[in-house]
$ cat protein_23.cif   # mmCIF, C-alpha atoms and all ligand atoms
data_model
loop_
_atom_site.label_atom_id
_atom_site.label_comp_id
_atom_site.auth_asym_id
_atom_site.auth_seq_id
_atom_site.Cartn_x
_atom_site.Cartn_y
_atom_site.Cartn_z
CA VAL Y 215 7.45 2.11 22.50
CA ILE Y 216 8.23 1.82 18.80
CA LYS Y 217 8.37 -1.82 17.63
CA ALA Y 218 8.47 -1.41 13.86
CA VAL Y 219 9.09 1.30 11.31
CA TYR Y 220 7.58 0.95 7.84
CA PHE Y 221 8.67 3.04 4.89
CA ASP Y 222 7.09 4.24 1.70
CA LEU Y 223 9.29 3.43 -1.30
CA ASP Y 224 8.95 5.97 -4.12
CA ASP Y 225 10.54 9.33 -3.34
CA THR Y 226 11.04 8.29 0.28
CA LEU Y 227 13.88 5.75 0.13
CA TYR Y 228 15.21 7.05 -3.19
CA ASP Y 229 14.98 10.42 -4.90
CA GLN Y 230 12.45 10.12 -7.72
CA LEU Y 231 13.62 13.37 -9.24
CA MET Y 232 17.04 12.04 -10.21
CA PRO Y 233 15.92 9.31 -12.63
CA PHE Y 234 13.20 11.68 -13.87
CA GLN Y 235 15.72 14.38 -14.72
CA LEU Y 236 17.82 11.87 -16.63
CA ALA Y 237 14.72 10.54 -18.41
CA LEU Y 238 13.63 14.05 -19.47
CA GLU Y 239 17.04 14.59 -21.04
CA ALA Y 240 17.03 11.19 -22.73
CA SER Y 241 13.54 11.88 -24.18
CA GLY Y 242 14.61 15.24 -25.61
CA LEU Y 243 11.93 17.01 -23.57
CA THR Y 244 14.26 19.43 -21.81
CA LYS Y 245 14.86 21.10 -25.19
CA LEU Y 246 11.15 21.90 -25.55
CA ALA Y 247 11.17 24.10 -22.53
CA ARG Y 248 13.28 27.10 -23.59
CA GLY Y 249 14.16 27.83 -20.00
CA GLY Y 250 10.61 27.62 -18.62
CA LEU Y 251 10.76 23.96 -17.64
CA SER Y 252 11.97 23.01 -14.21
CA ALA Y 253 12.26 19.26 -13.83
CA GLU Y 254 11.05 19.55 -10.25
CA ALA Y 255 7.96 21.59 -11.17
CA ILE Y 256 6.89 19.26 -13.93
CA PHE Y 257 7.64 16.24 -11.75
CA LYS Y 258 5.41 17.63 -8.98
CA ARG Y 259 2.57 18.16 -11.45
CA ILE Y 260 2.97 14.64 -12.86
CA ARG Y 261 2.80 13.27 -9.33
CA PHE Y 262 -0.25 15.42 -8.62
CA HIS Y 263 -2.05 14.03 -11.67
CA SER Y 264 -0.78 10.55 -10.84
CA ASP Y 265 -2.37 10.69 -7.36
CA ARG Y 266 -5.54 12.19 -8.81
CA LEU Y 267 -5.87 9.55 -11.54
CA TRP Y 268 -4.91 6.69 -9.21
CA SER Y 269 -8.42 6.47 -7.71
CA ILE Y 270 -9.89 6.24 -11.24
CA HIS Y 271 -7.38 3.47 -11.98
CA VAL Y 272 -8.33 1.63 -8.76
CA GLU Y 273 -11.99 1.76 -9.82
CA GLY Y 274 -10.94 -0.04 -13.01
CA LYS Y 275 -11.80 2.88 -15.29
CA LEU Y 276 -8.25 3.64 -16.41
CA SER Y 277 -5.44 1.20 -17.18
CA LEU Y 278 -2.02 1.74 -15.66
CA SER Y 279 -0.47 2.51 -19.06
CA GLU Y 280 -3.22 5.07 -19.78
CA LEU Y 281 -2.62 6.62 -16.36
CA ARG Y 282 1.10 6.91 -17.05
CA ILE Y 283 0.45 8.72 -20.35
CA ARG Y 284 -2.34 10.98 -19.09
CA ARG Y 285 -0.52 12.13 -15.95
CA THR Y 286 2.32 13.29 -18.21
CA THR Y 287 0.35 14.91 -21.07
CA GLU Y 288 -1.82 16.76 -18.51
CA ALA Y 289 1.17 18.01 -16.54
CA PHE Y 290 2.85 19.33 -19.70
CA ALA Y 291 -0.44 20.87 -20.90
CA GLU Y 292 -0.55 22.94 -17.70
CA ILE Y 293 2.68 24.68 -18.65
CA GLY Y 294 1.44 25.21 -22.19
CA LEU Y 295 3.33 22.34 -23.81
CA GLU Y 296 1.35 19.90 -25.83
CA ILE Y 297 3.18 16.61 -26.03
CA THR Y 298 2.03 13.53 -27.90
CA ASP Y 299 1.04 10.26 -26.22
CA GLU Y 300 4.14 8.78 -27.89
CA ALA Y 301 6.41 11.37 -26.25
CA ALA Y 302 4.75 10.73 -22.88
CA ASP Y 303 5.23 7.01 -23.39
CA ALA Y 304 8.90 7.49 -24.33
CA LEU Y 305 9.42 9.53 -21.17
CA GLN Y 306 7.83 6.74 -19.13
CA ARG Y 307 10.08 4.11 -20.75
CA ASN Y 308 13.22 6.17 -20.16
CA TYR Y 309 12.07 6.77 -16.61
CA GLU Y 310 11.68 3.04 -16.04
CA LEU Y 311 15.14 2.46 -17.50
CA GLU Y 312 16.68 5.02 -15.16
CA GLN Y 313 14.74 3.49 -12.27
CA SER Y 314 16.48 0.16 -12.88
CA ARG Y 315 19.72 1.84 -11.77
CA LEU Y 316 18.37 3.55 -8.68
CA SER Y 317 20.28 4.36 -5.53
CA LEU Y 318 19.04 4.92 -1.98
CA ARG Y 319 18.83 8.39 -0.51
CA GLU Y 320 21.79 9.39 1.59
CA GLY Y 321 21.35 8.25 5.18
CA VAL Y 322 18.89 5.43 4.56
CA LEU Y 323 21.29 2.60 5.41
CA THR Y 324 22.55 4.44 8.48
CA LEU Y 325 18.96 4.88 9.67
CA PHE Y 326 18.19 1.20 9.05
CA GLY Y 327 21.27 0.26 11.07
CA GLN Y 328 20.27 2.55 13.97
CA LEU Y 329 16.74 1.15 14.08
CA LYS Y 330 17.87 -2.47 13.83
CA ALA Y 331 20.40 -1.90 16.62
CA LYS Y 332 17.42 -0.95 18.84
CA GLY Y 333 15.61 -4.15 17.87
CA ILE Y 334 13.09 -2.24 15.75
CA LYS Y 335 11.68 -4.14 12.78
CA LEU Y 336 11.76 -2.67 9.27
CA GLY Y 337 9.21 -2.92 6.50
CA LEU Y 338 7.87 -1.34 3.32
CA ILE Y 339 4.36 -0.32 2.31
CA THR Y 340 4.15 0.84 -1.28
CA ASN Y 341 1.49 1.44 -3.91
CA GLY Y 342 1.78 -0.10 -7.35
CA PRO Y 343 2.01 -3.31 -9.34
CA VAL Y 344 3.83 -6.09 -7.48
CA GLN Y 345 6.56 -6.84 -10.04
CA HIS Y 346 7.25 -3.20 -10.88
CA GLN Y 347 7.69 -2.31 -7.20
CA LEU Y 348 9.74 -5.46 -6.48
CA ASN Y 349 12.10 -4.58 -9.35
CA LYS Y 350 12.86 -1.28 -7.63
CA VAL Y 351 13.15 -2.93 -4.20
CA THR Y 352 15.69 -5.34 -5.68
CA ALA Y 353 17.56 -2.65 -7.65
CA LEU Y 354 17.96 -0.71 -4.39
CA GLY Y 355 19.32 -3.76 -2.55
CA LEU Y 356 16.56 -3.46 0.05
CA LEU Y 357 15.96 -7.20 0.38
CA GLU Y 358 19.38 -7.45 2.02
CA VAL Y 359 18.06 -5.39 4.95
CA ILE Y 360 14.28 -5.90 4.89
CA ASP Y 361 12.60 -9.27 5.15
CA LYS Y 362 10.60 -10.01 1.98
CA SER Y 363 7.54 -10.85 4.12
CA GLU Y 364 7.61 -7.23 5.30
CA VAL Y 365 7.38 -5.81 1.78
CA HIS Y 366 3.70 -4.90 1.38
CA ILE Y 367 2.61 -3.89 -2.12
CA SER Y 368 -0.88 -2.52 -2.80
CA ASP Y 369 -1.69 -4.71 -5.81
CA GLY Y 370 -0.65 -7.76 -3.81
CA MET Y 371 -2.89 -6.72 -0.89
CA GLY Y 372 -5.87 -5.70 -3.02
CA ILE Y 373 -6.07 -2.34 -1.21
CA ALA Y 374 -4.05 0.81 -1.76
CA LYS Y 375 -3.04 3.96 0.08
CA PRO Y 376 -4.67 6.38 0.90
CA ASP Y 377 -7.15 3.80 2.24
CA PRO Y 378 -6.25 3.62 5.97
CA GLU Y 379 -7.26 -0.04 5.81
CA VAL Y 380 -3.82 -0.67 4.27
CA PHE Y 381 -2.23 0.36 7.57
CA ARG Y 382 -4.73 -1.60 9.66
CA HIS Y 383 -4.05 -4.68 7.52
CA VAL Y 384 -0.27 -4.43 7.97
CA GLN Y 385 -0.72 -3.69 11.67
CA ARG Y 386 -2.74 -6.88 12.18
CA LEU Y 387 -0.10 -8.89 10.31
CA SER Y 388 2.66 -7.35 12.44
CA GLY Y 389 1.06 -8.35 15.72
CA TYR Y 390 1.88 -4.91 17.17
CA LEU Y 391 -0.43 -2.15 18.35
CA PRO Y 392 -0.98 0.88 16.09
CA GLU Y 393 0.82 3.14 18.59
CA GLU Y 394 3.89 0.88 18.33
CA LEU Y 395 4.13 1.50 14.58
CA VAL Y 396 5.74 4.31 12.61
CA TYR Y 397 5.31 5.13 8.92
CA VAL Y 398 7.83 7.23 7.03
CA GLY Y 399 6.60 8.69 3.74
CA ASP Y 400 6.85 11.67 1.43
CA ALA Y 401 3.20 12.15 0.40
CA TRP Y 402 0.79 13.92 2.72
CA HIS Y 403 -2.35 12.52 1.13
CA ASN Y 404 -1.17 8.94 0.59
CA ASP Y 405 1.18 8.41 3.54
CA ILE Y 406 0.74 10.85 6.39
CA ALA Y 407 -3.02 11.42 6.70
CA PRO Y 408 -4.07 7.74 6.36
CA SER Y 409 -1.34 6.28 8.63
CA SER Y 410 -2.30 8.85 11.27
CA SER Y 411 -5.97 7.95 10.99
CA ALA Y 412 -5.00 4.27 11.50
CA GLY Y 413 -3.35 5.29 14.78
CA TRP Y 414 0.26 5.04 13.62
CA THR Y 415 2.91 7.72 14.12
CA PRO Y 416 3.65 9.23 10.70
CA VAL Y 417 6.97 10.83 9.85
CA TRP Y 418 6.66 13.17 6.90
CA LEU Y 419 9.84 13.24 4.82
CA ASN Y 420 9.11 16.59 3.26
CA ALA Y 421 12.21 16.99 1.09
CA ARG Y 422 10.42 19.29 -1.38
CA LYS Y 423 8.91 21.52 1.32
CA GLN Y 424 5.25 20.95 0.55
CA GLU Y 425 2.28 22.17 2.58
CA PRO Y 426 -0.08 19.70 4.25
CA SER Y 427 -3.50 19.67 2.64
CA GLY Y 428 -6.62 20.17 4.76
CA GLU Y 429 -8.03 17.18 6.58
CA ARG Y 430 -11.35 16.96 8.42
CA ILE Y 431 -9.66 15.41 11.42
CA PRO Y 432 -6.40 16.65 12.96
CA VAL Y 433 -3.30 14.75 11.86
CA ASP Y 434 -0.47 14.14 14.33
CA TYR Y 435 2.84 13.72 12.63
CA LEU Y 436 6.58 14.30 12.87
CA SER Y 437 8.29 16.08 10.04
CA CYS Y 438 11.78 16.33 8.56
CA GLN Y 439 13.53 17.39 5.39
CA PHE Y 440 16.21 14.69 5.34
CA ILE Y 441 16.20 10.95 6.11
CA SER Y 442 19.17 11.53 8.42
CA GLU Y 443 16.87 13.45 10.83
CA VAL Y 444 14.38 10.62 11.28
CA TYR Y 445 16.15 8.71 14.03
CA THR Y 446 16.63 11.73 16.30
CA LYS Y 447 13.02 12.84 15.73
CA LEU Y 448 11.79 9.41 16.77
CA ILE Y 449 13.96 9.33 19.89
CA LEU Y 450 12.76 12.78 20.98
CA HIS Y 451 9.19 11.76 20.28
CA GLU Y 452 9.57 8.64 22.42
CA GLN Y 453 11.08 10.68 25.24
CA SER Y 454 8.24 13.20 25.13
CA LYS Y 455 5.65 10.41 25.25
CA THR Y 456 7.18 8.10 27.83
CA GLY Y 457 9.79 10.19 29.57
CA CYS Y 458 12.33 7.45 28.92
CA LEU Y 459 14.83 6.61 26.24
CA LEU Y 460 13.94 4.52 23.23
MG MG Y 501 6.09 8.18 -2.13
#
$ encode --input "protein_23.cif" --output "structure tokens" --more "lines below"
Ligand SMILES: [Mg+2]
Amino acid sequence: VIKAVYFDLDDTLYDQLMPFQLALEASGLTKLARGGLSAEAIFKRIRFHSDRLWSIHVEGKLSLSELRIRRTTEAFAEIGLEITDEAADALQRNYELEQSRLSLREGVLTLFGQLKAKGIKLGLITNGPVQHQLNKVTALGLLEVIDKSEVHISDGMGIAKPDPEVFRHVQRLSGYLPEELVYVGDAWHNDIAPSSSAGWTPVWLNARKQEPSGERIPVDYLSCQFISEVYTKLILHEQSKTGCLL
């Protein structure tokens, strides 16, 4: 029986594309494209390079500000646009500005209400610097629904996704068994594969219709395109496992 549901933050509880689109416009980068630039495509490539460079950052070989510039210049270089470090930095600053006025994805508060009504605890597990992540948590009003002690941020823990130890650590703190825990996230590599290997039930919010990447061990997960589907998926999953209602 599900006792707690933890959520990823970025691109799970809010749409990261929206502030990014606004930041591209504010940085004058949409004009560079001459029709060839889709905000979603470039955003996906920045996230790809972000995930790739994250492990180098964790090893201490790349500062966070260097990572934020490199992920952007490399993503633009792929589509044949050379942008300066200054332009990448301006995009990052506009992105952070837009992030300070974030709003939750449609259906998030309804889902929280449904889970709480069933006595299910809510939490967050997110990668990043503590203050930066907390600013977004606060901007989104999440501390009104989620206890601050259940906001787990990688830099505060000293370990980061995709290390499955993150999930084992939070599980031990929760006092629940792995099979009583659910993780909802948007990133296959960082959220779904490692929470599954820690014995949790992952729910892949696959809003941008991505393909899972190959894993050496099979990954059990539920999948949906919209947050509003999560509750029903969980109920059906519980029924299939236990034969009784959540
Ligand atoms: Mg995410």
$ atom_distance --input "protein_23.cif" --atom1 "atom CA of Y:Ser277" --atom2 "atom CA of Y:Ser427"
27.2 Å
$ closest_atom_pairs --input "protein_23.cif" --of "chain Y" --to "ligand MG 501 (chain Y)" --cutoff "6 Å" --atoms "only C-alpha atoms and all ligand atoms" --output "CSV"
residue,atom,partner,partner_atom,distance
Y:Asp222,CA,Y:MG501,MG,5.6
Y:Leu223,CA,Y:MG501,MG,5.8
Y:Asp224,CA,Y:MG501,MG,4.1
Y:Asp225,CA,Y:MG501,MG,4.8
Y:Thr226,CA,Y:MG501,MG,5.5
Y:Gly399,CA,Y:MG501,MG,5.9
Y:Asp400,CA,Y:MG501,MG,5.0
Y:Ala401,CA,Y:MG501,MG,5.5
$ closest_residue --input "protein_23.cif" --among "Y:Val444, Y:Leu311, Y:Leu450, Y:Ile283" --to "Y:Thr298" --atoms "all atoms listed in the file"
Y:Ile283
$ residues_around --input "protein_23.cif" --residues "stretch 255-258 of chain Y" --least-positions-apart "3" --cutoff "9 Å" --atoms "only C-alpha atoms" --output "PyMOL selection string"
chain Y and resi 230-231+234-235+251-252+261-263+286+289-290+293
$ atom_distance --input "protein_23.cif" --atom1 "atom CA of Y:Glu300" --atom2 "atom CA of Y:Val351"
27.9 Å
$ atom_distance --input "protein_23.cif" --atom1 "atom CA of Y:Lys217" --atom2 "atom CA of Y:Gln328"
13.2 Å
$ closest_residue --input "protein_23.cif" --among "Y:Lys375, Y:His271, Y:Ala291, Y:Glu452" --to "Y:Ser411" --atoms "only C-alpha atoms"
Y:Lys375
$ residues_around --input "protein_23.cif" --residues "stretch 357-374 of chain Y" --least-positions-apart "4" --cutoff "7 Å" --atoms "all atoms listed in the file" --output "ChimeraX atom specification"
/Y:336-344,351-352,380
$ closest_residue --input "protein_23.cif" --among "Y:Leu448, Y:Arg315, Y:Asp299, Y:Leu276" --to "Y:Ile334" --atoms "all atoms listed in the file"
Y:Leu448
$ closest_residue --input "protein_23.cif" --among "Y:Gln345, Y:Val322, Y:Thr446, Y:Pro408" --to "Y:Arg430" --atoms "all atoms listed in the file"
Y:Pro408
$ closest_residue --input "protein_23.cif" --among "Y:Ser279, Y:Lys332, Y:Asp377, Y:Gly327" --to "Y:Ile449" --atoms "all atoms listed in the file"
Y:Lys332
$ closest_residue --input "protein_23.cif" --among "Y:Leu325, Y:Gly413, Y:Glu296, Y:Leu348" --to "Y:Lys447" --atoms "all atoms listed in the file"
Y:Leu325
$ residues_around --input "protein_23.cif" --residues "stretch 385-388 of chain Y" --least-positions-apart "2" --cutoff "10 Å" --atoms "only C-alpha atoms" --output "PDB file with C-alpha atoms, in the frame of the given file"
ATOM      1  CA  LYS Y 217       8.370  -1.820  17.630  1.00  0.00           C
ATOM      2  CA  ALA Y 218       8.470  -1.410  13.860  1.00  0.00           C
ATOM      3  CA  LYS Y 335      11.680  -4.140  12.780  1.00  0.00           C
ATOM      4  CA  GLY Y 337       9.210  -2.920   6.500  1.00  0.00           C
ATOM      5  CA  GLU Y 364       7.610  -7.230   5.300  1.00  0.00           C
ATOM      6  CA  GLU Y 379      -7.260  -0.040   5.810  1.00  0.00           C
ATOM      7  CA  VAL Y 380      -3.820  -0.670   4.270  1.00  0.00           C
ATOM      8  CA  PHE Y 381      -2.230   0.360   7.570  1.00  0.00           C
ATOM      9  CA  ARG Y 382      -4.730  -1.600   9.660  1.00  0.00           C
ATOM     10  CA  HIS Y 383      -4.050  -4.680   7.520  1.00  0.00           C
ATOM     11  CA  TYR Y 390       1.880  -4.910  17.170  1.00  0.00           C
ATOM     12  CA  LEU Y 391      -0.430  -2.150  18.350  1.00  0.00           C
ATOM     13  CA  PRO Y 392      -0.980   0.880  16.090  1.00  0.00           C
ATOM     14  CA  GLU Y 393       0.820   3.140  18.590  1.00  0.00           C
ATOM     15  CA  GLU Y 394       3.890   0.880  18.330  1.00  0.00           C
ATOM     16  CA  LEU Y 395       4.130   1.500  14.580  1.00  0.00           C
ATOM     17  CA  ALA Y 412      -5.000   4.270  11.500  1.00  0.00           C
ATOM     18  CA  GLY Y 413      -3.350   5.290  14.780  1.00  0.00           C
ATOM     19  CA  TRP Y 414       0.260   5.040  13.620  1.00  0.00           C
TER      20      TRP Y 414
END
$ axis_aligned_box --input "protein_23.cif" --around "stretch 365-379 of chain Y" --padding-each-side "5 Å" --output "lines of an AutoDock Vina configuration file"
center_x = 0.1
center_y = -0.7
center_z = 0.1
size_x = 24.6
size_y = 24.1
size_z = 21.8
$ decode --input "protein_23.cif" --residues "stretch 407-431 of chain Y" --atoms "N, CA and C atoms" --output "PDB file, in the first residue's frame"
ATOM      1  N   ALA Y 407      14.795   5.289 -13.666  1.00  0.00           N
ATOM      2  CA  ALA Y 407      15.701   4.149 -13.491  1.00  0.00           C
ATOM      3  C   ALA Y 407      16.222   4.029 -12.044  1.00  0.00           C
ATOM      4  N   PRO Y 408      16.738   5.105 -11.436  1.00  0.00           N
ATOM      5  CA  PRO Y 408      17.278   4.942 -10.074  1.00  0.00           C
ATOM      6  C   PRO Y 408      16.221   4.702  -8.992  1.00  0.00           C
ATOM      7  N   SER Y 409      15.029   5.297  -9.113  1.00  0.00           N
ATOM      8  CA  SER Y 409      14.015   5.036  -8.075  1.00  0.00           C
ATOM      9  C   SER Y 409      13.527   3.600  -8.188  1.00  0.00           C
ATOM     10  N   SER Y 410      13.457   3.082  -9.431  1.00  0.00           N
ATOM     11  CA  SER Y 410      13.089   1.680  -9.613  1.00  0.00           C
ATOM     12  C   SER Y 410      14.151   0.769  -9.008  1.00  0.00           C
ATOM     13  N   SER Y 411      15.418   1.096  -9.217  1.00  0.00           N
ATOM     14  CA  SER Y 411      16.453   0.201  -8.695  1.00  0.00           C
ATOM     15  C   SER Y 411      16.533   0.268  -7.172  1.00  0.00           C
ATOM     16  N   ALA Y 412      15.975   1.329  -6.563  1.00  0.00           N
ATOM     17  CA  ALA Y 412      15.899   1.398  -5.095  1.00  0.00           C
ATOM     18  C   ALA Y 412      14.633   0.705  -4.567  1.00  0.00           C
ATOM     19  N   GLY Y 413      13.838   0.148  -5.483  1.00  0.00           N
ATOM     20  CA  GLY Y 413      12.660  -0.616  -5.059  1.00  0.00           C
ATOM     21  C   GLY Y 413      11.376   0.193  -4.960  1.00  0.00           C
ATOM     22  N   TRP Y 414      11.442   1.473  -5.372  1.00  0.00           N
ATOM     23  CA  TRP Y 414      10.248   2.311  -5.355  1.00  0.00           C
ATOM     24  C   TRP Y 414       9.412   2.034  -6.599  1.00  0.00           C
ATOM     25  N   THR Y 415       8.185   2.558  -6.612  1.00  0.00           N
ATOM     26  CA  THR Y 415       7.377   2.542  -7.827  1.00  0.00           C
ATOM     27  C   THR Y 415       7.526   3.899  -8.524  1.00  0.00           C
ATOM     28  N   PRO Y 416       8.171   3.928  -9.690  1.00  0.00           N
ATOM     29  CA  PRO Y 416       8.307   5.200 -10.398  1.00  0.00           C
ATOM     30  C   PRO Y 416       7.102   5.488 -11.288  1.00  0.00           C
ATOM     31  N   VAL Y 417       6.734   6.752 -11.346  1.00  0.00           N
ATOM     32  CA  VAL Y 417       5.724   7.183 -12.321  1.00  0.00           C
ATOM     33  C   VAL Y 417       6.421   8.185 -13.240  1.00  0.00           C
ATOM     34  N   TRP Y 418       6.492   7.812 -14.513  1.00  0.00           N
ATOM     35  CA  TRP Y 418       7.185   8.667 -15.476  1.00  0.00           C
ATOM     36  C   TRP Y 418       6.206   9.663 -16.068  1.00  0.00           C
ATOM     37  N   LEU Y 419       6.359  10.933 -15.708  1.00  0.00           N
ATOM     38  CA  LEU Y 419       5.574  11.992 -16.345  1.00  0.00           C
ATOM     39  C   LEU Y 419       6.294  12.336 -17.643  1.00  0.00           C
ATOM     40  N   ASN Y 420       5.812  11.732 -18.711  1.00  0.00           N
ATOM     41  CA  ASN Y 420       6.521  11.845 -19.991  1.00  0.00           C
ATOM     42  C   ASN Y 420       5.779  12.823 -20.901  1.00  0.00           C
ATOM     43  N   ALA Y 421       5.765  14.094 -20.490  1.00  0.00           N
ATOM     44  CA  ALA Y 421       4.978  15.108 -21.200  1.00  0.00           C
ATOM     45  C   ALA Y 421       5.526  15.366 -22.598  1.00  0.00           C
ATOM     46  N   ARG Y 422       6.839  15.139 -22.791  1.00  0.00           N
ATOM     47  CA  ARG Y 422       7.442  15.424 -24.098  1.00  0.00           C
ATOM     48  C   ARG Y 422       7.688  14.157 -24.916  1.00  0.00           C
ATOM     49  N   LYS Y 423       6.988  13.089 -24.523  1.00  0.00           N
ATOM     50  CA  LYS Y 423       7.002  11.818 -25.264  1.00  0.00           C
ATOM     51  C   LYS Y 423       8.406  11.329 -25.627  1.00  0.00           C
ATOM     52  N   GLN Y 424       9.217  11.142 -24.611  1.00  0.00           N
ATOM     53  CA  GLN Y 424      10.564  10.638 -24.828  1.00  0.00           C
ATOM     54  C   GLN Y 424      10.584   9.118 -24.754  1.00  0.00           C
ATOM     55  N   GLU Y 425      11.668   8.540 -25.264  1.00  0.00           N
ATOM     56  CA  GLU Y 425      11.847   7.086 -25.202  1.00  0.00           C
ATOM     57  C   GLU Y 425      12.725   6.748 -24.003  1.00  0.00           C
ATOM     58  N   PRO Y 426      12.408   5.631 -23.317  1.00  0.00           N
ATOM     59  CA  PRO Y 426      13.318   5.224 -22.234  1.00  0.00           C
ATOM     60  C   PRO Y 426      14.676   4.835 -22.818  1.00  0.00           C
ATOM     61  N   SER Y 427      15.747   5.109 -22.082  1.00  0.00           N
ATOM     62  CA  SER Y 427      17.051   4.677 -22.581  1.00  0.00           C
ATOM     63  C   SER Y 427      17.361   3.303 -21.997  1.00  0.00           C
ATOM     64  N   GLY Y 428      18.224   2.565 -22.630  1.00  0.00           N
ATOM     65  CA  GLY Y 428      18.501   1.177 -22.238  1.00  0.00           C
ATOM     66  C   GLY Y 428      19.098   1.075 -20.850  1.00  0.00           C
ATOM     67  N   GLU Y 429      18.622   0.121 -20.092  1.00  0.00           N
ATOM     68  CA  GLU Y 429      19.181  -0.138 -18.773  1.00  0.00           C
ATOM     69  C   GLU Y 429      19.607  -1.601 -18.740  1.00  0.00           C
ATOM     70  N   ARG Y 430      20.597  -1.922 -17.924  1.00  0.00           N
ATOM     71  CA  ARG Y 430      21.050  -3.306 -17.830  1.00  0.00           C
ATOM     72  C   ARG Y 430      20.026  -4.182 -17.114  1.00  0.00           C
ATOM     73  N   ILE Y 431      19.318  -3.564 -16.162  1.00  0.00           N
ATOM     74  CA  ILE Y 431      18.293  -4.324 -15.459  1.00  0.00           C
ATOM     75  C   ILE Y 431      16.917  -3.779 -15.850  1.00  0.00           C
TER      76      ILE Y 431
END
